[in-house]
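S.K.: This is protein_1.cif, which holds mmCIF, C-alpha atoms:
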data_model
loop_
_atom_site.label_atom_id
_atom_site.label_comp_id
_atom_site.auth_asym_id
_atom_site.auth_seq_id
_atom_site.Cartn_x
_atom_site.Cartn_y
_atom_site.Cartn_z
CA MET A 1 10.14 -16.31 -17.76
CA ARG A 2 12.41 -18.99 -19.22
CA LEU A 3 14.97 -20.40 -16.81
CA ALA A 4 17.97 -22.45 -17.83
CA ALA A 5 17.63 -24.99 -15.05
CA VAL A 6 14.72 -24.63 -12.71
CA ALA A 7 13.24 -26.60 -9.85
CA ALA A 8 10.63 -25.60 -7.32
CA LEU A 9 12.05 -23.73 -4.36
CA ALA A 10 12.33 -25.96 -1.31
CA LEU A 11 11.53 -23.64 1.55
CA CYS A 12 12.75 -26.13 4.11
CA THR A 13 16.33 -25.45 2.98
CA GLY A 14 16.00 -21.73 3.68
CA LEU A 15 17.16 -18.85 1.48
CA ALA A 16 20.53 -17.32 2.27
CA ALA A 17 21.25 -13.63 1.71
CA ALA A 18 24.47 -11.98 0.66
CA ASP A 19 24.20 -9.80 3.76
CA PRO A 20 22.80 -12.29 6.32
CA LYS A 21 23.31 -10.12 9.41
CA PRO A 22 22.61 -6.50 8.50
CA ALA A 23 23.89 -4.16 11.21
CA ASP A 24 22.40 -1.12 12.92
CA GLY A 25 18.87 -2.39 13.40
CA TRP A 26 18.21 -3.72 9.92
CA THR A 27 15.95 -6.76 9.49
CA ASP A 28 16.93 -9.10 6.67
CA LEU A 29 13.89 -9.81 4.49
CA MET A 30 15.61 -12.43 2.33
CA LYS A 31 14.19 -15.20 4.49
CA PRO A 32 10.86 -17.02 4.01
CA ALA A 33 9.93 -16.38 7.65
CA ALA A 34 9.94 -12.63 6.99
CA TRP A 35 6.89 -12.95 4.71
CA LYS A 36 3.31 -14.10 5.27
CA LYS A 37 3.66 -16.58 2.42
CA VAL A 38 6.36 -17.40 -0.12
CA ASP A 39 5.17 -19.26 -3.22
CA PRO A 40 7.27 -22.41 -3.78
CA ALA A 41 7.81 -21.36 -7.40
CA TRP A 42 10.33 -18.69 -6.34
CA ILE A 43 13.82 -19.47 -7.67
CA VAL A 44 16.90 -19.02 -5.51
CA THR A 45 20.16 -18.50 -7.36
CA ASP A 46 23.53 -16.77 -7.33
CA GLU A 47 23.00 -14.67 -10.44
CA VAL A 48 20.42 -13.73 -13.03
CA LYS A 49 20.61 -12.28 -16.54
CA LEU A 50 18.43 -11.33 -19.49
CA GLU A 51 17.44 -13.90 -22.07
CA ALA A 52 19.85 -13.89 -24.97
CA ASP A 53 17.26 -13.59 -27.74
CA LYS A 54 14.76 -10.82 -27.00
CA GLY A 55 15.99 -9.95 -23.53
CA ARG A 56 12.48 -9.84 -22.12
CA GLY A 57 12.69 -12.65 -19.59
CA LEU A 58 15.28 -13.54 -16.98
CA VAL A 59 17.50 -16.61 -17.01
CA ALA A 60 18.81 -18.20 -13.82
CA ASP A 61 20.26 -21.48 -12.59
CA LYS A 62 18.89 -22.70 -9.28
CA LYS A 63 21.68 -23.02 -6.71
CA ASP A 64 21.61 -23.93 -3.05
CA GLY A 65 22.41 -21.04 -0.76
CA GLY A 66 22.03 -18.38 -3.43
CA ALA A 67 21.44 -14.74 -2.55
CA VAL A 68 19.02 -13.85 -5.36
CA TRP A 69 15.27 -14.53 -5.51
CA VAL A 70 13.63 -14.72 -8.97
CA ASN A 71 9.85 -14.66 -9.33
CA GLY A 72 9.32 -18.02 -10.98
CA MET A 73 9.34 -19.41 -14.49
CA LYS A 74 6.76 -16.99 -15.87
CA GLY A 75 7.71 -13.90 -13.90
CA ARG A 76 4.30 -13.68 -12.24
CA LEU A 77 3.95 -14.85 -8.65
CA PRO A 78 1.82 -13.62 -5.74
CA ASN A 79 3.20 -10.50 -4.11
CA LEU A 80 5.44 -10.82 -1.06
CA VAL A 81 3.88 -9.23 2.03
CA THR A 82 5.84 -9.00 5.28
CA ALA A 83 4.62 -10.91 8.31
CA GLY A 84 5.34 -7.85 10.45
CA SER A 85 3.92 -4.34 10.29
CA PHE A 86 5.93 -1.14 10.19
CA GLY A 87 5.43 2.55 10.84
CA ASP A 88 8.21 5.02 10.09
CA CYS A 89 10.99 3.01 8.49
CA GLU A 90 13.80 2.78 6.00
CA VAL A 91 14.04 0.15 3.27
CA HIS A 92 16.84 -1.01 1.02
CA VAL A 93 15.93 -3.00 -2.10
CA GLU A 94 18.18 -4.30 -4.87
CA PHE A 95 16.42 -5.57 -7.97
CA VAL A 96 16.80 -6.45 -11.64
CA ILE A 97 13.94 -6.53 -14.16
CA GLY A 98 13.37 -7.95 -17.63
CA LYS A 99 12.71 -5.85 -20.71
CA ASN A 100 9.39 -3.98 -20.39
CA SER A 101 8.83 -5.56 -16.99
CA ASN A 102 6.95 -3.99 -14.10
CA ALA A 103 7.20 -4.34 -10.32
CA GLY A 104 7.12 -2.07 -7.29
CA ILE A 105 7.44 -1.63 -3.56
CA LYS A 106 4.51 -0.69 -1.36
CA PHE A 107 4.43 0.69 2.16
CA HIS A 108 1.42 -0.53 4.18
CA GLU A 109 0.59 -2.53 1.02
CA VAL A 110 -1.05 0.58 -0.49
CA TYR A 111 1.53 3.32 -1.17
CA GLU A 112 3.57 2.35 -4.22
CA ILE A 113 6.90 3.45 -5.63
CA GLN A 114 6.98 2.09 -9.15
CA ILE A 115 9.62 -0.21 -10.63
CA LEU A 116 9.45 -0.22 -14.43
CA ASP A 117 11.77 -0.68 -17.39
CA SER A 118 11.87 2.98 -18.44
CA PHE A 119 15.60 3.52 -18.94
CA ASP A 120 15.37 4.73 -22.53
CA THR A 121 11.93 6.31 -22.41
CA LYS A 122 11.45 9.65 -24.09
CA LYS A 123 8.16 10.29 -22.35
CA GLU A 124 7.65 13.01 -19.79
CA LEU A 125 8.49 11.72 -16.32
CA SER A 126 5.41 10.63 -14.38
CA GLY A 127 4.35 8.53 -11.45
CA ASP A 128 3.94 5.38 -13.53
CA GLY A 129 7.61 5.35 -14.62
CA MET A 130 10.63 4.01 -12.75
CA GLY A 131 10.84 5.57 -9.30
CA GLY A 132 7.52 7.35 -9.58
CA ILE A 133 4.89 7.46 -6.84
CA TYR A 134 2.11 5.60 -8.61
CA PRO A 135 -1.03 7.42 -9.83
CA ARG A 136 -4.45 6.94 -8.32
CA ALA A 137 -6.58 4.63 -10.45
CA ASP A 138 -10.16 3.51 -11.01
CA ALA A 139 -10.19 -0.28 -11.23
CA SER A 140 -13.88 -0.37 -12.22
CA VAL A 141 -13.16 0.98 -15.71
CA GLY A 142 -10.13 -1.00 -16.85
CA TYR A 143 -7.75 0.48 -14.30
CA LYS A 144 -7.90 4.03 -15.59
CA HIS A 145 -5.39 6.47 -14.08
CA LEU A 146 -7.02 9.42 -12.37
CA ASP A 147 -3.87 11.56 -12.32
CA LYS A 148 -0.17 11.36 -13.27
CA GLY A 149 1.01 10.37 -9.83
CA ILE A 150 4.20 12.01 -8.58
CA ALA A 151 7.09 11.91 -11.01
CA PRO A 152 10.66 11.28 -9.82
CA LYS A 153 12.98 14.27 -9.92
CA VAL A 154 15.17 12.51 -12.51
CA ASN A 155 15.11 9.37 -14.61
CA ALA A 156 17.68 7.38 -12.65
CA ALA A 157 16.73 4.02 -14.20
CA LYS A 158 19.34 1.58 -15.46
CA PRO A 159 18.78 -0.74 -18.45
CA ALA A 160 16.84 -3.95 -18.02
CA GLY A 161 19.12 -6.77 -16.88
CA GLU A 162 21.28 -4.54 -14.65
CA TRP A 163 21.10 -4.52 -10.86
CA GLN A 164 19.50 -1.40 -9.44
CA THR A 165 19.24 -0.07 -5.88
CA LEU A 166 16.36 1.78 -4.22
CA ASP A 167 16.64 3.29 -0.74
CA VAL A 168 13.61 4.94 0.85
CA ALA A 169 13.00 6.70 4.16
CA TRP A 170 9.26 6.51 4.92
CA LYS A 171 7.09 8.44 7.39
CA SER A 172 3.65 7.00 8.09
CA PRO A 173 0.51 9.14 8.34
CA ARG A 174 -0.40 10.50 11.78
CA PHE A 175 -3.72 10.15 13.59
CA ASP A 176 -5.28 11.68 16.68
CA ALA A 177 -6.93 9.81 19.55
CA ALA A 178 -10.20 9.70 17.63
CA GLY A 179 -8.52 8.07 14.63
CA GLU A 180 -8.71 11.16 12.43
CA LYS A 181 -5.71 11.78 10.20
CA THR A 182 -3.64 14.75 11.30
CA ALA A 183 -0.71 14.44 8.87
CA ASN A 184 -0.18 12.77 5.51
CA ALA A 185 2.30 10.00 4.78
CA VAL A 186 5.65 11.29 3.52
CA VAL A 187 8.42 9.87 1.38
CA VAL A 188 11.13 11.61 3.38
CA LYS A 189 13.78 10.65 0.85
CA ALA A 190 14.08 8.15 -1.98
CA VAL A 191 17.35 7.42 -3.75
CA LEU A 192 17.46 5.32 -6.92
CA ASN A 193 20.88 4.21 -8.15
CA GLY A 194 22.56 6.98 -6.19
CA GLN A 195 20.28 9.79 -7.38
CA VAL A 196 17.64 11.51 -5.25
CA ILE A 197 14.23 10.98 -6.87
CA HIS A 198 11.93 12.20 -4.05
CA GLU A 199 12.44 14.39 -1.01
CA ASN A 200 9.89 15.39 1.63
CA GLN A 201 7.09 14.33 -0.70
CA GLU A 202 3.63 14.14 0.90
CA LEU A 203 1.13 11.50 -0.22
CA MET A 204 -2.41 12.74 0.16
CA THR A 205 -3.86 9.24 -0.26
CA PRO A 206 -2.73 5.69 -0.98
CA THR A 207 -1.87 4.99 -4.62
CA GLY A 208 -3.38 3.02 -7.49
CA ALA A 209 -6.83 1.56 -6.86
CA ASN A 210 -6.06 1.63 -3.13
CA TRP A 211 -6.51 5.39 -2.92
CA THR A 212 -9.96 5.13 -1.29
CA LYS A 213 -8.81 2.74 1.43
CA LYS A 214 -8.65 3.86 5.04
CA GLU A 215 -5.13 4.84 6.03
CA VAL A 216 -3.47 3.43 9.13
CA ALA A 217 -0.41 4.19 11.24
CA THR A 218 1.38 0.90 10.56
CA GLY A 219 1.19 -1.80 7.94
CA PRO A 220 3.10 -4.53 6.09
CA PHE A 221 5.74 -3.85 3.45
CA LEU A 222 5.08 -5.38 0.02
CA LEU A 223 7.18 -6.39 -2.98
CA GLN A 224 5.14 -6.53 -6.19
CA CYS A 225 5.94 -9.73 -8.06
CA ASP A 226 2.94 -10.40 -10.33
CA HIS A 227 3.52 -8.03 -13.27
CA GLY A 228 6.60 -9.47 -15.00
CA PRO A 229 10.12 -10.84 -14.52
CA VAL A 230 11.92 -9.42 -11.50
CA ALA A 231 14.66 -10.58 -9.15
CA PHE A 232 15.57 -9.28 -5.69
CA ARG A 233 18.56 -9.43 -3.37
CA ASN A 234 19.65 -7.68 -0.16
CA VAL A 235 16.14 -6.54 0.75
CA ARG A 236 16.03 -5.17 4.28
CA ILE A 237 14.03 -2.85 6.51
CA LYS A 238 14.50 -1.04 9.82
CA PRO A 239 12.42 1.29 12.01
CA ALA A 240 13.29 4.94 11.56
CA ARG A 241 15.10 6.58 14.47
#
What is this file in structure tokens?

M.R.:
Amino acid sequence: MRLAAVAALALCTGLAAADPKPADGWTDLMKPAAWKKVDPAWIVTDEVKLEADKGRGLVADKKDGGAVWVNGMKGRLPNLVTAGSFGDCEVHVEFVIGKNSNAGIKFHEVYEIQILDSFDTKKELSGDGMGGIYPRADASVGYKHLDKGIAPKVNAAKPAGEWQTLDVAWKSPRFDAAGEKTANAVVVKAVLNGQVIHENQELMTPTGANWTKKEVATGPFLLQCDHGPVAFRNVRIKPAR
């Protein structure tokens, strides 16, 4: 990802958010301390836009106290994983992606809602498009999808380069005293850019190549940052009431 004026992110200065004190129980995740590790190549800025030529990358000027995080010069940095673990929760994520870029959010690090540049796609909606619940996959054979995942109800994607908003209410799987699962995880509601894309949607297993992993009652929240240019702002999380 080409950046107009870029320097390594100095974590000691901290990263300010546009909404530094979210109310009603929200935890602001736009702070390095919220994550297990933040790569110093993250860019902090006030705004971001598509490259002028092909529009595939993102262009940003580094500014002190900016509210936007951009995933480095090449658009491929290690994923952000929260330092804390969460059960039932709500998340709010604002993001912008480059042309043909790919990202995602993951509950417990293993249940993914896809972020993809699929605004003008003519393909049938599926779990590997914007807002989809990602398909199961076999990583031993070139990451082959084993199903279509769970498609969003509508294609609510905006064009690459525009800010988009994803709000999700999440219900973790339930277990009995012996550790046996008694209820599946549920996307209670997911809203992308003001449109409902999932409602009361059960997840039988984790997604992608994680589908064989043992499920747990709580886990970290993850932002996928290693598949292409993406920027985030106003990311926050709170326990469900």

S.K.: By how many Å are atom CA of Asp88 of chain A and atom CA of Thr165 of chain A apart?

M.R.: 20.1 Å

S.K.: Hey, can you check how far atom CA of Ala33 of chain A sits from atom CA of His227 of chain A?

M.R.: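 Separation between atom CA of Ala33 of chain A and atom CA of His227 of chain A: 23.4 Å.
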
S.K.: Can you tell me how far atom CA of Asp46 of chain A sits from atom CA of Phe119 of chain A, in Å to one decimal?

M.R.: 24.7 Å

S.K.: Let me make sure I understand: among A:Ala67, A:Leu223, A:Ala209, A:Ile97, which one has the smallest atom-to-atom distance to Val38 of chain A if we use only C-alpha atoms?

M.R.: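 For Val38 of chain A, the nearest of the given residues is A:Leu223.
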
S.K.: Env of Gly149 of chain A: 7 Å cut, atoms = only C-alpha atoms, seq-sep filter 3 positions within chain, self excluded. Answer as a PDB file with C-alpha atoms, keeping the file's coordinate frame.

M.R.:
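Final output, saved to around-v8.pdb:
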ATOM      1  CA  SER A 126       5.410  10.630 -14.380  1.00  0.00           C
ATOM      2  CA  GLY A 127       4.350   8.530 -11.450  1.00  0.00           C
ATOM      3  CA  ASP A 128       3.940   5.380 -13.530  1.00  0.00           C
ATOM      4  CA  ILE A 133       4.890   7.460  -6.840  1.00  0.00           C
ATOM      5  CA  TYR A 134       2.110   5.600  -8.610  1.00  0.00           C
ATOM      6  CA  PRO A 135      -1.030   7.420  -9.830  1.00  0.00           C
ATOM      7  CA  ARG A 136      -4.450   6.940  -8.320  1.00  0.00           C
TER       8      ARG A 136
END
